[in-house]
>>> print(open('coords22.tsv').read())   # TSV, C-alpha atoms (C1' of nucleotides)
chain	number	residue	atom	x	y	z
A	1	MET	CA	117.79	89.96	106.35
A	2	SER	CA	116.24	86.75	107.48
A	3	LYS	CA	113.19	85.43	105.83
A	4	GLN	CA	110.19	87.47	106.67
A	5	GLN	CA	107.75	85.80	108.95
A	6	ALA	CA	104.19	85.53	107.82
A	7	PRO	CA	102.64	88.71	109.23
A	8	LEU	CA	99.25	87.88	107.89
A	9	LEU	CA	96.44	88.59	110.24
A	10	LEU	CA	93.43	87.97	108.11
A	11	VAL	CA	94.79	87.84	104.62
A	12	ASP	CA	96.98	85.22	103.16
A	13	LEU	CA	98.82	86.90	100.35
A	14	ASN	CA	100.02	83.57	99.09
A	15	ALA	CA	96.58	82.16	98.61
A	16	ASP	CA	95.23	81.98	95.15
A	17	ALA	CA	91.66	82.27	96.23
A	18	PRO	CA	90.03	85.65	96.68
A	19	CYS	CA	90.03	86.69	100.28
A	20	CYS	CA	87.79	89.64	100.70
A	21	PRO	CA	84.50	90.99	99.57
A	22	PRO	CA	84.69	94.09	97.42
A	23	LEU	CA	85.55	97.42	98.99
A	24	ALA	CA	82.12	98.74	98.17
A	25	GLN	CA	80.27	95.82	99.65
A	26	ARG	CA	81.57	95.64	103.14
A	27	ARG	CA	83.80	97.87	105.20
A	28	VAL	CA	87.40	96.71	105.08
A	29	PRO	CA	88.66	95.85	108.57
A	30	ALA	CA	91.72	97.62	109.85
A	31	GLU	CA	93.79	94.44	109.81
A	32	THR	CA	92.96	93.71	106.20
A	33	ALA	CA	93.71	97.29	105.27
A	34	ALA	CA	97.06	97.08	107.00
A	35	VAL	CA	97.98	94.00	105.00
A	36	LEU	CA	96.70	95.04	101.59
A	37	ALA	CA	97.60	98.73	101.64
A	38	PRO	CA	101.33	98.02	101.14
A	39	ALA	CA	100.50	96.17	97.95
A	40	PHE	CA	98.59	99.15	96.61
A	41	LYS	CA	101.40	101.38	97.78
A	42	ALA	CA	103.88	99.31	95.84
A	43	LEU	CA	101.79	99.83	92.72
A	44	GLY	CA	101.56	103.53	93.48
A	45	ASP	CA	104.70	104.43	91.60
A	46	PRO	CA	104.67	104.71	87.80
A	47	VAL	CA	107.95	102.85	87.44
A	48	ARG	CA	106.79	99.97	89.59
A	49	LEU	CA	103.43	99.83	87.85
A	50	GLN	CA	105.21	99.46	84.53
A	51	LEU	CA	107.65	96.93	85.97
A	52	MET	CA	104.74	94.92	87.32
A	53	SER	CA	103.06	94.99	83.95
A	54	MET	CA	106.21	94.07	82.07
A	55	ILE	CA	106.75	91.10	84.37
A	56	ALA	CA	103.15	89.93	84.37
A	57	SER	CA	102.75	90.22	80.63
A	58	ALA	CA	106.12	88.77	79.71
A	59	GLU	CA	106.53	85.71	77.59
A	60	GLY	CA	106.56	82.63	79.76
A	61	GLY	CA	105.33	84.63	82.70
A	62	GLU	CA	108.74	85.82	83.72
A	63	ALA	CA	111.09	88.65	82.87
A	64	CYS	CA	114.83	89.08	83.21
A	65	VAL	CA	116.18	92.15	84.98
A	66	CYS	CA	118.41	92.64	81.98
A	67	ASP	CA	115.27	93.22	79.91
A	68	LEU	CA	113.60	95.47	82.44
A	69	THR	CA	116.39	97.88	83.21
A	70	PRO	CA	117.00	99.32	79.72
A	71	ALA	CA	113.29	100.21	79.43
A	72	PHE	CA	113.75	103.09	81.86
A	73	ASP	CA	115.95	106.13	82.20
A	74	LEU	CA	117.07	104.94	85.59
A	75	THR	CA	120.18	103.30	86.93
A	76	GLY	CA	120.40	99.62	87.67
A	77	PRO	CA	120.35	100.01	91.44
A	78	THR	CA	117.21	102.10	91.25
A	79	ILE	CA	115.41	99.42	89.24
A	80	SER	CA	116.70	96.84	91.67
A	81	HIS	CA	115.30	98.88	94.53
A	82	HIS	CA	111.88	99.05	92.91
A	83	LEU	CA	111.92	95.32	92.24
A	84	LYS	CA	112.75	94.73	95.87
A	85	THR	CA	109.76	96.84	96.84
A	86	LEU	CA	107.51	94.75	94.62
A	87	ARG	CA	109.02	91.60	96.08
A	88	GLU	CA	108.49	92.72	99.66
A	89	ALA	CA	104.91	93.61	98.84
A	90	GLY	CA	104.39	90.03	97.73
A	91	LEU	CA	103.59	91.02	94.17
A	92	VAL	CA	106.47	89.22	92.48
A	93	ASP	CA	108.92	86.40	93.05
A	94	ALA	CA	112.57	86.40	92.10
A	95	GLU	CA	114.73	83.51	91.04
A	96	ARG	CA	118.36	83.48	90.07
A	97	ARG	CA	119.19	81.25	87.14
A	98	GLY	CA	122.82	81.32	86.21
A	99	THR	CA	123.97	84.83	85.65
A	100	TRP	CA	120.53	86.37	85.37
A	101	VAL	CA	117.71	86.99	87.76
A	102	TYR	CA	114.15	86.39	86.65
A	103	TYR	CA	111.02	87.90	88.13
A	104	ARG	CA	107.61	86.33	88.05
A	105	ALA	CA	104.24	87.79	89.02
A	106	ARG	CA	102.10	86.24	91.73
A	107	PRO	CA	98.61	86.12	90.34
A	108	GLY	CA	97.02	85.37	93.71
A	109	ILE	CA	97.53	88.75	95.26
A	110	LEU	CA	96.68	90.49	92.01
A	111	ARG	CA	93.38	88.69	92.04
A	112	GLN	CA	92.78	89.73	95.62
A	113	LEU	CA	93.44	93.36	94.89
A	114	ALA	CA	91.24	93.27	91.82
A	115	GLY	CA	88.48	91.61	93.78
A	116	LEU	CA	88.70	94.22	96.48
A	117	LEU	CA	88.26	96.97	93.93
A	118	SER	CA	85.58	95.27	91.90
A	119	VAL	CA	82.39	97.26	91.77
A	120	GLU	CA	80.21	94.57	90.33
A	121	PRO	CA	79.79	92.25	93.26
A	122	ALA	CA	78.21	89.39	91.37
A	123	PRO	CA	78.73	89.54	87.63
A	124	SER	CA	75.89	87.16	87.04
A	125	SER	CA	75.60	88.35	83.49
A	126	GLN	CA	76.36	85.93	80.76
A	127	ALA	CA	80.05	85.77	80.12
B	128	MET	CA	85.24	109.45	68.25
B	129	SER	CA	84.98	105.90	69.29
B	130	LYS	CA	87.98	104.23	70.69
B	131	GLN	CA	90.17	103.07	67.91
B	132	GLN	CA	93.84	102.45	67.85
B	133	ALA	CA	95.46	104.89	70.19
B	134	PRO	CA	93.40	104.44	73.29
B	135	LEU	CA	95.90	104.22	76.08
B	136	LEU	CA	97.90	107.37	76.15
B	137	LEU	CA	95.49	109.43	78.17
B	138	VAL	CA	93.12	107.96	80.64
B	139	ASP	CA	89.81	109.54	81.38
B	140	LEU	CA	89.33	109.02	85.08
B	141	ASN	CA	85.76	110.16	84.79
B	142	ALA	CA	84.77	107.54	82.33
B	143	ASP	CA	82.67	104.72	83.57
B	144	ALA	CA	83.88	102.33	80.98
B	145	PRO	CA	87.04	100.31	81.48
B	146	CYS	CA	89.97	101.95	79.83
B	147	CYS	CA	92.81	99.53	79.77
B	148	PRO	CA	93.57	95.91	79.19
B	149	PRO	CA	94.77	94.02	82.25
B	150	LEU	CA	98.27	94.54	83.53
B	151	ALA	CA	99.17	91.00	82.71
B	152	GLN	CA	97.88	91.12	79.18
B	153	ARG	CA	99.70	94.06	77.71
B	154	ARG	CA	102.50	96.24	78.95
B	155	VAL	CA	101.17	99.42	80.53
B	156	PRO	CA	102.46	102.50	78.71
B	157	ALA	CA	104.33	105.12	80.69
B	158	GLU	CA	101.57	107.68	80.23
B	159	THR	CA	98.91	105.34	81.56
B	160	ALA	CA	101.13	104.40	84.47
B	161	ALA	CA	101.67	108.06	85.29
B	162	VAL	CA	97.92	108.63	85.41
B	163	LEU	CA	96.85	105.52	87.30
B	164	ALA	CA	99.74	105.19	89.75
B	165	PRO	CA	98.50	108.12	91.89
B	166	ALA	CA	95.20	106.32	92.35
B	167	PHE	CA	96.97	103.21	93.62
B	168	LYS	CA	99.16	105.40	95.75
B	169	ALA	CA	96.10	106.98	97.31
B	170	LEU	CA	94.88	103.51	98.25
B	171	GLY	CA	98.31	102.65	99.59
B	172	ASP	CA	97.60	103.93	103.07
B	173	PRO	CA	95.58	101.80	105.50
B	174	VAL	CA	93.57	104.76	106.71
B	175	ARG	CA	92.64	105.82	103.19
B	176	LEU	CA	91.83	102.25	102.19
B	177	GLN	CA	89.40	102.03	105.08
B	178	LEU	CA	88.00	105.47	104.33
B	179	MET	CA	87.46	104.47	100.74
B	180	SER	CA	85.69	101.33	101.81
B	181	MET	CA	83.53	103.12	104.36
B	182	ILE	CA	82.47	105.64	101.74
B	183	ALA	CA	81.87	103.11	98.99
B	184	SER	CA	79.95	100.73	101.20
B	185	ALA	CA	77.93	103.36	103.01
B	186	GLU	CA	74.16	103.48	102.94
B	187	GLY	CA	72.98	105.56	100.05
B	188	GLY	CA	76.46	105.51	98.58
B	189	GLU	CA	77.69	108.43	100.60
B	190	ALA	CA	79.24	109.01	103.99
B	191	CYS	CA	79.46	112.06	106.24
B	192	VAL	CA	82.81	113.17	107.59
B	193	CYS	CA	81.20	113.17	111.00
B	194	ASP	CA	80.76	109.41	110.66
B	195	LEU	CA	84.21	108.78	109.28
B	196	THR	CA	86.33	110.70	111.75
B	197	PRO	CA	85.38	108.89	114.99
B	198	ALA	CA	86.27	105.55	113.39
B	199	PHE	CA	89.97	106.34	113.68
B	200	ASP	CA	92.40	107.39	116.38
B	201	LEU	CA	93.33	110.43	114.34
B	202	THR	CA	92.49	114.10	114.53
B	203	GLY	CA	89.93	115.76	112.30
B	204	PRO	CA	92.48	117.60	110.18
B	205	THR	CA	94.34	114.38	109.49
B	206	ILE	CA	91.18	112.65	108.27
B	207	SER	CA	90.40	115.72	106.21
B	208	HIS	CA	93.84	115.55	104.67
B	209	HIS	CA	93.37	111.90	103.73
B	210	LEU	CA	89.99	112.67	102.22
B	211	LYS	CA	91.57	115.42	100.19
B	212	THR	CA	94.13	112.94	98.91
B	213	LEU	CA	91.35	110.58	97.84
B	214	ARG	CA	89.55	113.48	96.20
B	215	GLU	CA	92.62	114.62	94.28
B	216	ALA	CA	93.21	111.07	93.12
B	217	GLY	CA	89.73	111.09	91.62
B	218	LEU	CA	88.50	108.29	93.84
B	219	VAL	CA	85.78	110.22	95.65
B	220	ASP	CA	83.62	113.29	95.28
B	221	ALA	CA	82.73	115.72	98.04
B	222	GLU	CA	79.58	117.72	98.49
B	223	ARG	CA	78.66	120.14	101.22
B	224	ARG	CA	75.08	119.91	102.37
B	225	GLY	CA	74.25	122.29	105.17
B	226	THR	CA	76.64	121.84	108.02
B	227	TRP	CA	78.03	118.52	106.94
B	228	VAL	CA	80.18	117.35	104.07
B	229	TYR	CA	79.35	114.11	102.33
B	230	TYR	CA	81.74	111.96	100.33
B	231	ARG	CA	80.73	109.66	97.54
B	232	ALA	CA	82.79	107.04	95.69
B	233	ARG	CA	83.36	107.22	91.95
B	234	PRO	CA	82.80	103.71	90.65
B	235	GLY	CA	84.33	104.48	87.26
B	236	ILE	CA	87.93	104.70	88.37
B	237	LEU	CA	87.50	101.80	90.76
B	238	ARG	CA	86.39	99.70	87.83
B	239	GLN	CA	89.39	100.84	85.83
B	240	LEU	CA	91.81	99.91	88.58
B	241	ALA	CA	90.13	96.56	89.11
B	242	GLY	CA	90.24	95.88	85.38
B	243	LEU	CA	93.90	96.70	85.24
B	244	LEU	CA	94.63	94.19	87.99
B	245	SER	CA	92.34	91.48	86.76
B	246	VAL	CA	94.18	88.29	86.01
B	247	GLU	CA	91.46	86.32	84.33
B	248	PRO	CA	90.45	88.65	81.55
B	249	ALA	CA	88.84	86.26	79.12
B	250	PRO	CA	90.61	82.98	78.66
B	251	SER	CA	88.82	82.55	75.38
B	252	SER	CA	91.18	84.37	73.09
B	253	GLN	CA	89.26	86.20	70.43
B	254	ALA	CA	91.89	87.03	67.89
C	255	DC	C1'	73.88	140.02	115.45
C	256	DA	C1'	76.35	136.80	118.55
C	257	DG	C1'	77.59	132.32	119.73
C	258	DC	C1'	78.14	127.52	118.66
C	259	DT	C1'	79.23	123.42	115.86
C	260	DG	C1'	81.41	121.07	112.12
C	261	DT	C1'	84.87	121.03	108.62
C	262	DC	C1'	88.80	122.71	106.04
C	263	DT	C1'	93.36	125.16	105.57
C	264	DT	C1'	97.85	126.50	107.08
C	265	DG	C1'	102.26	125.85	109.01
C	266	DA	C1'	105.45	122.97	111.21
C	267	DC	C1'	108.05	118.74	112.23
C	268	DG	C1'	109.81	114.06	111.98
C	269	DT	C1'	109.83	110.12	108.98
C	270	DC	C1'	109.68	107.77	104.65
C	271	DT	C1'	110.65	107.49	99.60
C	272	DG	C1'	113.08	107.76	95.10
C	273	DT	C1'	117.30	108.45	93.19
C	274	DC	C1'	122.14	108.44	92.72
C	275	DT	C1'	127.29	106.80	93.34
C	276	DA	C1'	130.32	103.46	95.15
C	277	DA	C1'	131.14	99.03	96.72
C	278	DG	C1'	130.09	94.00	97.34
C	279	DC	C1'	128.52	89.42	95.87
C	280	DA	C1'	127.47	85.55	92.52
C	281	DG	C1'	128.29	83.00	88.13
C	282	DA	C1'	130.42	82.21	83.67
C	283	DG	C1'	134.36	81.82	80.91
C	284	DA	C1'	139.35	81.99	79.72
D	285	DT	C1'	142.81	81.21	89.33
D	286	DC	C1'	141.67	85.63	87.49
D	287	DT	C1'	138.58	88.63	85.21
D	288	DC	C1'	134.36	90.16	83.37
D	289	DT	C1'	129.37	90.79	83.52
D	290	DG	C1'	124.95	91.11	86.02
D	291	DC	C1'	122.53	92.19	90.08
D	292	DT	C1'	122.12	93.68	94.86
D	293	DT	C1'	123.46	96.29	98.99
D	294	DA	C1'	125.16	100.44	101.53
D	295	DG	C1'	125.26	105.22	102.25
D	296	DA	C1'	123.74	109.85	101.20
D	297	DC	C1'	120.59	113.47	99.94
D	298	DA	C1'	116.52	116.21	98.21
D	299	DG	C1'	111.76	115.96	98.14
D	300	DA	C1'	107.30	114.03	99.48
D	301	DC	C1'	104.32	112.16	103.08
D	302	DG	C1'	101.63	111.58	107.61
D	303	DT	C1'	100.58	113.76	111.56
D	304	DC	C1'	99.26	117.40	114.72
D	305	DA	C1'	98.07	122.20	116.73
D	306	DA	C1'	96.17	126.50	115.68
D	307	DG	C1'	93.39	129.33	113.04
D	308	DA	C1'	89.78	130.28	109.36
D	309	DC	C1'	85.47	129.50	107.13
D	310	DA	C1'	80.49	127.92	106.53
D	311	DG	C1'	76.11	127.17	108.38
D	312	DC	C1'	72.71	126.59	112.23
D	313	DT	C1'	70.32	128.48	116.33
D	314	DG	C1'	68.98	131.87	119.49
>>> encode(input="coords22.tsv", output="structure tokens")
Amino acid sequence: MSKQQAPLLLVDLNADAPCCPPLAQRRVPAETAAVLAPAFKALGDPVRLQLMSMIASAEGGEACVCDLTPAFDLTGPTISHHLKTLREAGLVDAERRGTWVYYRARPGILRQLAGLLSVEPAPSSQA
Amino acid sequence: MSKQQAPLLLVDLNADAPCCPPLAQRRVPAETAAVLAPAFKALGDPVRLQLMSMIASAEGGEACVCDLTPAFDLTGPTISHHLKTLREAGLVDAERRGTWVYYRARPGILRQLAGLLSVEPAPSSQA
DNA sequence: CAGCTGTCTTGACGTCTGTCTAAGCAGAGA
DNA sequence: TCTCTGCTTAGACAGACGTCAAGACAGCTG
């Protein structure tokens, strides 16, 4: 597969800045929904949600597949398939280093998703 | 019983308070993932993401099916099916009032999902 | 009561998803 | 070079999902 072309209509998944007002504040346009829904979909599986968490909370911000696989009662290819889904959703990045492959979370899109779901539009309260 | 040491095994989707530390802060347990993943899955469809936004951002906090349906190129039953999915995921509530049915967002679970995805929890470590 | 309107349920159908086994590719080490 | 380990890809299959058409149900209006 060649490198995917940026299919981003309104949302730049690579940006670190929040892109959209909260769900509850303004109606999400169809284009934005089409771009962000796959990310939610990718998190819509318990295995992938745990994988995402294990990667994002790992020491040094990255996790080796060799550490992820034994945490589940699933075969290696199945874990690899889920990681590919997370990768294609833009939620993680993969890098091969020697024999092992390391995955790293992309905080930008996580922030965007969280911002979209946030109910408190302007947390002006004291921190 | 206030929350003490075993908070994360079961998640109360009806609670208004945040339930879980962010994804990136602590590894999500399998039980929590099993409970929250369906909510993300429900948001993983562009139509449902827009429906959710239309309901949550509607005047008075509720939206009539008669207003939701014509916004899409889909048949009534299909919209109804998506609304049922959102309802079963705990994201919205439905209420029949006379001829029409009104849907209302549940901010509690939205807050929980947003909290789970939040990347900047509180940089000031407390312990 | 009869008729009409609005919404939900049922049943069906094609597609997508999650999982596996088997095979292929990339590095490290002897 | 050959071999071993780690990860991904390919192919297959059961089950779930998204969609629609048809019918059922609830409530309003004569």
>>> atom_distance(input="coords22.tsv", atom1="CA of Leu201 (chain B)", atom2="CA of Leu218 (chain B)")
21.2 Å
>>> interface_residues(input="coords22.tsv", of="chain A", to="chain D", cutoff="8 Å", atoms="only C-alpha atoms (C1' of nucleotides)", output="list in words")
Cys66, Pro77, Ser80, Thr99, Trp100 and Val101 of chain A
>>> closest_atom_pairs(input="coords22.tsv", of="chain A", to="chain C", cutoff="12 Å", atoms="only C-alpha atoms (C1' of nucleotides)", output="tab-separated table")
residue	atom	partner	partner_atom	distance
A:Lys41	CA	C:DT271	C1'	11.2
A:Ala42	CA	C:DT271	C1'	11.3
A:Gly44	CA	C:DT271	C1'	11.7
A:Asp45	CA	C:DG272	C1'	9.7
A:Pro46	CA	C:DG272	C1'	11.5
A:Val47	CA	C:DG272	C1'	10.4
A:Arg48	CA	C:DG272	C1'	11.4
A:Asp73	CA	C:DT273	C1'	11.3
A:Leu74	CA	C:DT273	C1'	8.4
A:Thr75	CA	C:DC274	C1'	8.0
A:Gly76	CA	C:DC274	C1'	10.3
A:Pro77	CA	C:DC274	C1'	8.7
A:Thr78	CA	C:DT273	C1'	6.6
A:Ile79	CA	C:DT273	C1'	10.0
A:Ser80	CA	C:DT273	C1'	11.7
A:His81	CA	C:DG272	C1'	9.2
A:His82	CA	C:DG272	C1'	9.1
A:Thr85	CA	C:DT271	C1'	11.0
A:Arg96	CA	C:DA280	C1'	9.7
A:Arg97	CA	C:DG281	C1'	9.3
A:Gly98	CA	C:DG281	C1'	6.0
A:Thr99	CA	C:DG281	C1'	5.3
A:Trp100	CA	C:DG281	C1'	8.9
A:Val101	CA	C:DA280	C1'	11.0
>>> interface_residues(input="coords22.tsv", of="chain A", to="chain B", cutoff="9 Å", atoms="all atoms listed in the file", output="ChimeraX atom specification")
/A:22-58,61,105,107-108,110-111,113-120,127
